[in-house]
Amino acid sequence: MENMRARSGKPVAFSTHLGPAGGPIKDPIALLSGAGETLALRVAASALFTTFRRTFQLPPDVMALVTRVGDDHETVRPGGQVDGRDAVEVLFVRAAPLPLTLRAGRFVSADAYPAEVEISLSARAIPDRGDLLSLKRRLGEAAQSISCAQLAEAFLPGVRAAIEPVFTKASMTQVMTTDVCIEMEKAIGAALESVAFSCGLSIDAGIRVRAASETYERVRRAAEDAEQSRRQVEAAAPLRAAQQDARRQQVQHFSELLAEMRAATGAENAPPLRDFLRTFAEHERAQLYESLFAEKARTAATRAILVAAGPELLVFDPPAAPLPSQRFSLAGGAGAPRSVHIPPSGGNELRAWIGASSGVYEVRLTDGVIEASYGLKSSPSVRGGFNSVAVSDTAIYASHSELGIRRWRRDEPDAADAVMLAAVTQGAQAIRAIQLVVGSLYCAVDDRVIRWSSEAASVSRDSVSPVREYLGAGAQITALLAERDEVLAGTADGRVLHWRVDSPHEPRLLHTGRGRPVESLAVIEHEGVRRLFIADTSVCVHARLLDDATRWSYEAGGQTLRRAAVAADLIVAVTDLRDRLVLFDPGVPDRPQAVHHIAQLTGHSVQDVALVAQQGRPSMR
């Protein structure tokens with residue numbers, strides 16, 4: 001047992017399920033023949049031979065070593081006859097190869113792919129007296145048989161030691177090639193040679209190594225899919241070029257039509273342009289609208305894309321810059337950013353208001369300096385952060401689903417915060433999307449929209465009464481867009497509702513959706529034509545006219561899009577996993593313009609995204 005013990009650290013334990021106490025054995029050969037899993041079986045002569053049975057005929061695939069009185073040994077070849085005279089015991093040995101499967105366990109390749117390795121080989125007993133005696137000595141005094149599992153356990157330490165240096169220096173792609181497998185198979189054969197020799201066995205040449213890595217297979221399939229997509233895109237390039245040329249001609253044609261209609265609307269008592277557009281058939285109307293919006297996109301340029309991710313605020317130059325032009329670390333006392341707000345500004349010194357875990361930052365976008373930090377007078381333990389911010393000349397307002405609505409005086413960032421509308425928000429599950437529009441504050445509280453005067457809100461007291469509540473949503477409100485004359489709300493079940501500012505009951509249904517929460521709403525207007533954008537955790541950003549049935553869908557190859565920031569010249573959507581930004585040209589709904597991998601860049605998911613327009617004026621969100 002010396003070699004076996006040296007390799008495995010302990011002697012091999014063999015089974016002892018047969019022996020003289022078991023009585024006469026009628027057919028021990030059954031354990032050794034066919035697809036059995038036993039290599040050798042020792043049987044006492046008294047269990048084999050009786051007064052009437054003094055010989056034993058071996059089949060063609062079994063040999064025997066007979067031990068006789070006086071410790072004399074006789075080898076009986078396969079198919080021979082065992083003579084029971086003076087026999088003490090008989091060692092029956094399988095003559096045919098014994099197939100073994102060794103599960104070597106987990107290895108890691110040079111390029112960090114984990115894999116499970118399995119080895120298939122065959123062990124064969126040598127029909128020689130000396131080799132059979134070696135095999136008998138392996139059994140020891142008490143054991144009666146050697147099985148496949150026991151041999152595999154004995155071989156496994158040597159196999160692992162042979163595989164390790166070959167596997168860990170090769171990439172997984174190399175491991176999957178014939179050359180590396182042959183190298184491992186040769187190393188295994190050399191490692192098992194001495195163990196097999198001490199057992200009186202030989203290892204057949206047909207050693208086979210199989211490595212399986214689920215991680216590598218996923219990456220390989222993804223690479224194959226990407227390559228297939230690349231080839232498809234490449235093959236479709238001529239057709240796409242022809243389609244783009246045809247589209248340019250269409251745009252030119254409909255732009256000329258628009259110019260003619262504008263000239264006609266200048267006549268006395270002529271209807272507005274939007275009424276002219278409705279006189280066309282639906283497919284022509286859609287083309288005219290696209291030409292109209294393309295004109296708007298050419299005159300309105302987005303200055304920057306702001307992304308809150310982890311502790312950072314990233315600034316991208318639109319539309320397709322893959323890396324941020326600036327990265328600001330917001331290491332302030334209010335914690336990590338949760339939301340981004342760009343208020344209207346008349347100058348070029350841009351500022352962003354960042355809702356954070358426990359307060360609001362005022363950030364100068366030219367250099368990322370936190371000019372002011374508005375915190376809580378107490379620090380309660382909460383999971384979320386301030387999900388929206390509204391700014392007036394004198395005050396900062398922020399909504400938080402756990403902490404309610406808070407207000408700070410703009411000129412006193414170190415002063416304590418004030419609790420707003422405590423009686424209205426108490427017990428609410430969702431408080432979000434606070435906005436300031438023409439002297440009124442709006443906020444979504446569960447299934448209601450509340451509105452109150454910013455002048456009343458600026459009074460230094462803990463609570464004010466809402467001026468108006470917009471009711472009838474029937475579900476939690478997940479997105480809100482307030483404008484001068486109307487209020488639009490998206491719900492958790494995918495609907496978009498519309499109220500007139502002066503009519504807070506029985507809202508009009510604008511969009512039915514598919515039961516998924518609406519997370520973003522935006523309206524872009526040009527020459528009286530208004531287009532509504534909806535992001536509702538589906539495979540596209542929806543767009544439709546508010547006063548027409550014409551619709552568009554901005555899709556990203558099956559990716560679910562969670563929320564979006566929208567401008568006349570750019571749409572930026574966040575994927576459902578919040579790991580990427582998908583950018584669209586509003587005039588090209590059928591494919592993305594660019595994709596930014598934020599999680600790969602920062603190691604954090606996207607918390608919010610906002611667009612900054614030229615001349616410091618924000619795009620609508």
# chains A, B, ... in the order shown; residues from 1 in each chain; ligands from 1
>>> residues_around(residues="region 114-128 of chain A", least_positions_apart="2", cutoff="8 Å", atoms="only C-alpha atoms", output="number ranges by chain")
A: 63, 75, 77, 93-109, 112, 130-132, 200-204, 206-215
>>> residues_around(residues="region 310-325 of chain A", least_positions_apart="3", cutoff="9 Å", atoms="only C-alpha atoms", output="PyMOL selection string")
chain A and resi 302-307+328-331+335-338+365+368+570+583-585+593-597+601-607
>>> closest_residue(among="A:Leu488, A:Val539, A:Arg580, A:Asp608", to="Phe386 (chain A)", atoms="only C-alpha atoms")
A:Asp608
>>> atom_distance(atom1="CA of Ile477 (chain A)", atom2="CA of Ser401 (chain A)")
12.2 Å
>>> select_by_dssp(residues="region 46-232 of chain A", states="strand (DSSP E)", output="ChimeraX atom specification")
/A:55-57,62-68,72-76,81-83,87-94,98-108,114-125,145-147,201-203,208-212
>>> closest_residue(among="A:Ala162, A:Leu403, A:Leu441, A:Ala226", to="Glu455 (chain A)", atoms="only C-alpha atoms")
A:Leu441
>>> residues_around(residues="Pro592 (chain A)", least_positions_apart="4", cutoff="12 Å", atoms="only C-alpha atoms", output="list in words")
Pro319, Ala320, Cys540, Val541, Ser553, Tyr554, Glu555, Ala556, Gly557, Gly558, Gln559, Leu561, Leu570, Ile571, Val572, Ala573, Leu581, Val582, Leu583, Phe584, Asp585, Pro586, Gly587, Val588 and His596 of chain A
>>> write_last_selection(atoms="C-alpha atoms", output="PDB file, in the first residue's frame")
ATOM      1  CA  PRO A 319     -24.917  62.375 -28.346  1.00  0.00           C
ATOM      2  CA  ALA A 320     -22.405  59.543 -28.794  1.00  0.00           C
ATOM      3  CA  CYS A 540     -39.675  50.891 -26.026  1.00  0.00           C
ATOM      4  CA  VAL A 541     -40.166  54.554 -25.223  1.00  0.00           C
ATOM      5  CA  SER A 553     -41.962  53.577 -30.657  1.00  0.00           C
ATOM      6  CA  TYR A 554     -38.265  53.940 -29.822  1.00  0.00           C
ATOM      7  CA  GLU A 555     -36.926  50.391 -29.427  1.00  0.00           C
ATOM      8  CA  ALA A 556     -33.506  49.050 -28.383  1.00  0.00           C
ATOM      9  CA  GLY A 557     -33.407  45.512 -29.734  1.00  0.00           C
ATOM     10  CA  GLY A 558     -35.632  43.940 -27.101  1.00  0.00           C
ATOM     11  CA  GLN A 559     -34.054  45.715 -24.103  1.00  0.00           C
ATOM     12  CA  LEU A 561     -36.352  50.580 -20.951  1.00  0.00           C
ATOM     13  CA  LEU A 570     -32.247  63.666 -27.918  1.00  0.00           C
ATOM     14  CA  ILE A 571     -33.923  60.848 -25.977  1.00  0.00           C
ATOM     15  CA  VAL A 572     -31.886  59.120 -23.241  1.00  0.00           C
ATOM     16  CA  ALA A 573     -33.450  55.952 -21.815  1.00  0.00           C
ATOM     17  CA  LEU A 581     -28.067  54.470 -21.198  1.00  0.00           C
ATOM     18  CA  VAL A 582     -29.657  54.029 -24.630  1.00  0.00           C
ATOM     19  CA  LEU A 583     -29.630  57.210 -26.762  1.00  0.00           C
ATOM     20  CA  PHE A 584     -32.072  57.900 -29.611  1.00  0.00           C
ATOM     21  CA  ASP A 585     -32.355  60.563 -32.251  1.00  0.00           C
ATOM     22  CA  PRO A 586     -36.043  61.610 -31.988  1.00  0.00           C
ATOM     23  CA  GLY A 587     -36.251  61.482 -35.777  1.00  0.00           C
ATOM     24  CA  VAL A 588     -35.016  57.847 -35.976  1.00  0.00           C
ATOM     25  CA  HIS A 596     -23.324  54.073 -22.766  1.00  0.00           C
TER      26      HIS A 596
END
>>> residues_around(residues="Arg562 (chain A)", least_positions_apart="5", cutoff="9 Å", atoms="only C-alpha atoms", output="list in words")
Pro517, Val518, Glu519, Ser520, Ala535, Asp536, Thr537, Ser538, Val539, Cys540, Val541, Ala573, Val574, Thr575, Asp576, Leu577 and Arg578 of chain A
>>> closest_residue(among="A:Ala416, A:Ala444, A:Leu65, A:Ala352", to="Gln429 (chain A)", atoms="only C-alpha atoms")
A:Ala444
>>> atom_distance(atom1="CA of Asp590 (chain A)", atom2="CA of Ala482 (chain A)")
29.2 Å
>>> closest_residue(among="A:Ala149, A:Val90, A:Ala390, A:Leu611", to="Gly439 (chain A)", atoms="only C-alpha atoms")
A:Ala390
